[in-house]
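J.: My structure is below; once you've seen it, I'll send some questions.
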Amino acid sequence: MITEVKIPSAGESVTEAAIGSWLVEDGSIVEKDQEIAEVETDKATLPLMASESGIIHIIAQTGIKIQIGDVACTIDTDAKSAAVPKKSIKKEKSVSVPSVAAATSEEHMQQPVSAPPKSVADTPPEEQTADKKEDTSVKVTPLARTIMEQNDLDIDAIVTGLRKITKQEVEQVLNSKPDNKPESEIKTDEVKADGLKRTPMSPLRRKLGKRLVSVKNETAMLTTFNEVDMSSIMELRKKFQAKFHEKYEQKLGLMSFFILASTKALMQFPRVNSYIEGDDIVTPEYVDIAIAVQTDKGLMVPVIRNTASMDIARIEKSINVMAEKARSSKLTIDEMSGGTFTITNGGVFGSMLSTPILNPPQSAILGMHNIVDRPVAVNGRVEIRPVMYLALTYDHRLIDGRESVSFLVKIKELIEHPVYMLLDRVDPEKTLLGI
C-alpha cells in the first residue's frame, strides 16, 4: 500500500514551506515515526516524520516552495517485506564468502560441472559457525563469544542490534569531514552559471527580510547609547563561577545579568514594555524577553517567559535550553511567539557598536557589544576598566527620549551594581537607614 506523507501545518498564518534537507535517501527503508526531513517555514523549522514503515519515494525537492498539505513523499509499506530478506542475505553473503568459495571448490572436485553451486542457506550449520568465527574485523572476548553461541547470535546481529544511527551521528561525521563529501551529497538547488552561484532563499530568510523592511518603513526607530563598566559583573563571575557550576551544572554567563537587569528596568518603565496595536497602546503586565540566537538557517529569537519570577540560575538554564533548541532547529512556533522586549548580543562576534533593528510588534530592543579594556575616570583618576557599549533602539512613536535614556541608565546602574537587582532599590545604604 502506498502512503502519502504531506507537509504538516505550522500555524494558521503559514501557507507554504520548503524542504530544508532530506535526512534519508530516495528508495531507502524508513521506520514509522522516523524523522525523514526538515521542513522550513517562514516561522520555524519543523521535522517531517514517517507515518508508516516501508520504502520511501521522495517527491518534493529541496529548497522548492510547496504548499501546506502537499505530498512531500510516498512510502510503499508492501515493499519493506521484500526488501528486508534481500538486505539480510547480502549481509550473510558478505560474512560467509570464504566458506562458500571453499565449499564450491570441493563440490566441483566431487560432482559434475553442471551441478549448481551451494547457496548460503544450503551451507551446513557447522560451516556457517566456522565462518563467523573466522571474521576478525570485530574483536570478541571469550565470554561474549560464549554468550553469543548460547543464544545463536553472530557478529552481524550484535553490531546491527547494538544501536541505531540517528541524525546527530550522521551530522557529526559530515561536519568532521567537510571536504570529503561525495558528489551525490552536493545540494542540487545551487546553480552555477558565469561564475555566479544561486541558492534559493529559505522561507525563514524571506520572511525575515520582509519583516525587517516592514519595521524600517512603518516605525520611527531611534537609537540611544551608553557605556557600562563591567568590572563588578566580571569579578562576580570569576569569584563564584566554580560554585555556581558545581550547584547548577552550568556556567554563569553575561546574558542572564542583562535579562534580569532589563526585567527590573521594564517594570520601572512599562512604556518600553508596551507596543502599538491600531490606535491603542498595549502594556503587558508581565515581562517576556526574547533573545536573538544566530544559527546556520538564520536569526532565531526564542522567548523566555515571565522573567520577573526568575532568578539568575533559572534564567541561565532557560538561555541554554532555548539556544540549543535554536541551533538544532527544534524550536516550536510557540517558543518564538510573543515576547515584550528583545536582547541581542553582537559582542560575541566582536561588534563594538551597532544600531539593532526592532523585533515587531515590540517597541524596543537592547544591543550588547564586546567588552574592551578602556581608560575611564574613577574618582578623579584614570583607570583601565572593562567597558561595554550598550545600544537601545526604540519606537519614537511610543517611547519618548526621556524614557529611553532613563531606561538605559537604569540598566547601566544595575549592571555596575549587581546587588541592586536583589534589593530593588537604587541605594542599599539608604535602604539600611530607611531614608
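Just remember, in the C-alpha cells the first chain shown is A, the second B, etc., residues are 1-based per chain, and ligands are 1-based in the order shown.
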Please build the interface table for stretch 356-414 of chain A against stretch 207-224 of chain A with a cut-off of 6 Å, listing for each qualifying residue the nearest atom pair and the distance in Å to one decimal; count only C-alpha atoms, order rows by chain and increasing number, and write it as a Markdown table.

T.:
| residue | atom | partner | partner_atom | distance |
| --- | --- | --- | --- | --- |
| A:Ala391 | CA | A:Thr224 | CA | 5.8 |
| A:Leu392 | CA | A:Thr224 | CA | 5.3 |
| A:Thr393 | CA | A:Thr223 | CA | 4.1 |
| A:Tyr394 | CA | A:Met221 | CA | 5.6 |
| A:Asp395 | CA | A:Met221 | CA | 4.8 |
| A:His396 | CA | A:Ala220 | CA | 5.3 |

J.: Could you name the residues that touch A:Leu408 at 12 Å or less, counting only C-alpha atoms, but leaving out those on the same chain fewer than 4 positions away, as an NGL selection string?

T.: :A and (223-228 or 258 or 261-266 or 268-269 or 272 or 364-368 or 389-394 or 401-404 or 412-415)

J.: Could you give me, as an MDAnalysis selection string, the residues within 8 Å of stretch 231-233 of chain A, counting only C-alpha atoms and dropping anything in the same chain fewer than 4 positions from it?

T.: chainID A and resid 237 254 385:387 415:418

J.: When distances are computed from only C-alpha atoms, which of A:Leu260, A:Gly20, A:Tyr248, A:Phe349 shows the smallest separation from A:Gln294?

T.: A:Phe349

J.: Looking at only C-alpha atoms, which of A:Lys6, A:His369, A:Lys325, A:His245 is the one that sits closest to A:Ile66?

T.: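 With only C-alpha atoms as the atom set, the closest residue is A:Lys6.
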
J.: Check the smallest atom-to-atom distance from each of A:Glu40, A:Glu285, A:Glu383, A:Glu316 to A:Gly253 using only C-alpha atoms, then report the winner.

T.: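 Checking each of A:Glu40, A:Glu285, A:Glu383, A:Glu316 against A:Gly253, counting only C-alpha atoms, the winner is A:Glu316.
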
J.: Which parts of stretch 188-417 of chain A does DSSP call strand (DSSP E or B) when run on the backbone here, written out as number ranges by chain?

T.: A: 191-193, 196-198, 221-229, 275-277, 280-282, 289-291, 293-295, 298-300, 303-304, 341-345, 364-368, 371-378, 381-395

J.: Grab the atom CA of A:Thr283 to atom CA of A:Ile343 distance for me, in Å with one decimal place.

T.: 18.6 Å

J.: List as a PyMOL selection string the protein and nucleic acid residues near A:Val303, meaning an atom at most 9 Å away when only C-alpha atoms are counted, but skip any in the same chain fewer than 2 places from it.

T.: chain A and resi 288-291+301+305+322+334-339+342

J.: Generate a file of the selected residues that holds N, CA and C atoms, formatted as a short mmCIF file (atom, residue, chain, number, x, y, z; two decimals), in the first residue's frame.

T.:
data_model
loop_
_atom_site.label_atom_id
_atom_site.label_comp_id
_atom_site.auth_asym_id
_atom_site.auth_seq_id
_atom_site.Cartn_x
_atom_site.Cartn_y
_atom_site.Cartn_z
N ASP A 288 8.22 39.17 29.07
CA ASP A 288 8.73 38.03 28.31
C ASP A 288 9.85 38.55 27.42
N ILE A 289 11.05 38.10 27.67
CA ILE A 289 12.22 38.63 26.95
C ILE A 289 12.69 37.63 25.90
N ALA A 290 12.81 38.12 24.67
CA ALA A 290 13.32 37.32 23.56
C ALA A 290 14.82 37.53 23.43
N ILE A 291 15.54 36.47 23.11
CA ILE A 291 16.98 36.56 22.91
C ILE A 291 17.30 36.14 21.48
N VAL A 301 14.74 33.82 17.34
CA VAL A 301 14.50 34.65 18.51
C VAL A 301 13.56 33.92 19.46
N ARG A 305 9.89 33.19 29.07
CA ARG A 305 8.63 33.68 29.62
C ARG A 305 8.76 34.09 31.08
N MET A 322 17.01 27.19 25.31
CA MET A 322 16.49 27.82 24.10
C MET A 322 17.57 27.95 23.03
N ASP A 334 5.42 28.27 19.11
CA ASP A 334 5.03 28.87 20.39
C ASP A 334 6.23 29.42 21.14
N GLU A 335 7.37 28.74 21.03
CA GLU A 335 8.57 29.19 21.74
C GLU A 335 9.19 30.43 21.12
N MET A 336 8.76 30.79 19.91
CA MET A 336 9.26 32.01 19.27
C MET A 336 8.20 33.09 19.16
N SER A 337 7.00 32.82 19.65
CA SER A 337 5.90 33.77 19.55
C SER A 337 5.86 34.64 20.81
N GLY A 338 5.34 35.85 20.63
CA GLY A 338 5.22 36.75 21.76
C GLY A 338 6.53 37.45 22.05
N GLY A 339 6.75 37.74 23.30
CA GLY A 339 7.94 38.50 23.68
C GLY A 339 7.59 39.97 23.76
N THR A 342 13.39 42.53 23.45
CA THR A 342 14.41 41.66 22.85
C THR A 342 15.80 42.14 23.23
#

J.: So how far away is atom CA of A:Leu398 from atom CA of A:Pro284, in Å?

T.: 14.4 Å

J.: Identify which of the residues A:Met352, A:Met310, A:Val293, A:Asp76 lies closest to A:Ala323, counting only C-alpha atoms when measuring atom-to-atom distances.

T.: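 Residue with the minimum atom-to-atom distance to A:Ala323: A:Val293.
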
J.: Would you mind listing what lies within 9 Å of A:Leu23 as a list in words, with only C-alpha atoms counted and same-chain residues fewer than 4 positions away left out?

T.: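 Listing them by chain and then by number gives Glu35, Ile36, Ala37, Glu38 and Lys167 of chain A.
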